[in-house]
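The structure appears right after this line, and notes come after that.
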Amino acid sequence: MHITLLEPVATPLINKFYQQHKGRGRATKHDQNWVVKAPDIIAACRVQDKEGELFLSSVLVAEDVRNQGVARALLTQVIAYQTNTLYTFAYRHLCDFYQRLGFSNCTLPLKLQPYFNSYVAQKRDIVAMCLSK
């Protein structure tokens, strides 16, 4: 298992993974696009710069390798790489997982609130969380 930050030119690889596994994410070359390879991509996530705030999104692990510590390994490396507060919108049933990684419930910066409101309007059961650096 190898965890890596993709070069911007490799962005189509992460989008292909999201599409194959019915993920909602759509990576751009401006994102930090992280993947786990074994040797093919088995997990991915993005860290976006949303108006100066770091936002973790689109965390997805291939169904056949879930519950094996892949997401924990990926996010541990992603977190270690960051130098500023990292925000995420965690599905409520995954809050304990994110808390074990160091995230806690938080009040969002005003810049991120419209994104949160949009997801809630889509009936996503999410919680605003952050990890301060």
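Just so we're on the same page: first chain in the structure tokens is A, next is B, and so on; residues restart at 1 for each chain, and ligands are numbered from 1 in the order they show up.
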
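Residues in contact with A:Ala43 at up to 6 Å, not including ones fewer than 5 positions away on its chain and judged by only C-alpha atoms, are Val35, Val36, Leu60, Val61 and Ala62 of chain A.
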
Pick out the residues sitting within 10 Å of stretch 106-120 of chain A, and hand them over as JSON, numbers by chain; count only C-alpha atoms, and ignore anything fewer than 3 positions along from it in its own chain. {"A": [50, 51, 52, 53, 54, 55, 87, 88, 89, 103, 123, 124, 125, 126, 127, 128, 129, 130, 131]}

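Atom CA of A:His21 sits 21.1 Å away from atom CA of A:Phe97.
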
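Summary of the local environment: counting only C-alpha atoms, residues at most 8 Å from A:Lys133, other than itself and those fewer than 3 positions away along its chain, are Gln82, Thr83, Asn84, Thr85 and Leu86 of chain A.
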
What parts of chain A does DSSP call strand (DSSP E)? I'd like the answer as a PyMOL selection string. chain A and resi 2-5+32-37+41-50+53-61+86-91+104-105+126-131

Quick one: everything within 10 Å of A:Ala27, counting only C-alpha atoms, minus sequence neighbours fewer than 3 positions away in the same chain. Send it as a short mmCIF file (atom, residue, chain, number, x, y, z; two decimals) with N, CA and C atoms, in the first residue's frame.
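Everything below was put into selection_0.cif:
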```cif
data_model
loop_
_atom_site.label_atom_id
_atom_site.label_comp_id
_atom_site.auth_asym_id
_atom_site.auth_seq_id
_atom_site.Cartn_x
_atom_site.Cartn_y
_atom_site.Cartn_z
N PRO A 8 -0.53 17.38 -10.42
CA PRO A 8 -1.74 17.89 -11.09
C PRO A 8 -2.06 17.21 -12.41
N THR A 11 -4.57 14.25 -12.34
CA THR A 11 -5.93 14.47 -11.85
C THR A 11 -6.96 13.54 -12.50
N PRO A 12 -6.88 13.26 -13.81
CA PRO A 12 -7.87 12.35 -14.40
C PRO A 12 -7.92 10.97 -13.75
N LEU A 13 -6.80 10.51 -13.18
CA LEU A 13 -6.78 9.20 -12.53
C LEU A 13 -7.71 9.16 -11.32
N ILE A 14 -7.69 10.21 -10.52
CA ILE A 14 -8.54 10.23 -9.33
C ILE A 14 -10.01 10.36 -9.74
N ASN A 15 -10.29 11.13 -10.78
CA ASN A 15 -11.68 11.25 -11.24
C ASN A 15 -12.20 9.94 -11.81
N LYS A 16 -11.34 9.19 -12.48
CA LYS A 16 -11.72 7.86 -12.98
C LYS A 16 -12.06 6.94 -11.81
N TYR A 18 -13.12 7.88 -8.77
CA TYR A 18 -14.41 8.32 -8.21
C TYR A 18 -15.57 7.82 -9.08
N ARG A 24 -18.98 10.93 -5.33
CA ARG A 24 -19.52 12.23 -5.73
C ARG A 24 -18.43 13.24 -6.07
N HIS A 30 -6.19 22.02 -9.11
CA HIS A 30 -5.86 22.95 -8.03
C HIS A 30 -5.96 22.31 -6.65
N ASP A 31 -6.58 21.13 -6.57
CA ASP A 31 -6.74 20.43 -5.30
C ASP A 31 -5.46 19.67 -4.94
N GLN A 32 -5.32 19.36 -3.65
CA GLN A 32 -4.37 18.33 -3.24
C GLN A 32 -5.13 17.02 -3.44
N ASN A 33 -4.71 16.21 -4.38
CA ASN A 33 -5.39 14.95 -4.68
C ASN A 33 -4.53 13.80 -4.16
N CYS A 45 -8.81 10.97 -1.71
CA CYS A 45 -9.46 12.12 -1.09
C CYS A 45 -8.87 13.38 -1.68
N ARG A 46 -9.52 14.49 -1.39
CA ARG A 46 -9.06 15.79 -1.88
C ARG A 46 -8.98 16.76 -0.72
N VAL A 47 -8.03 17.67 -0.79
CA VAL A 47 -7.99 18.83 0.10
C VAL A 47 -8.08 20.03 -0.83
N GLN A 48 -9.17 20.77 -0.66
CA GLN A 48 -9.42 21.93 -1.49
C GLN A 48 -9.10 23.21 -0.72
N SER A 57 -12.35 16.71 1.45
CA SER A 57 -13.59 16.21 0.84
C SER A 57 -13.35 14.95 0.03
N SER A 58 -14.44 14.35 -0.37
CA SER A 58 -14.42 13.22 -1.31
C SER A 58 -13.57 12.05 -0.84
#
```
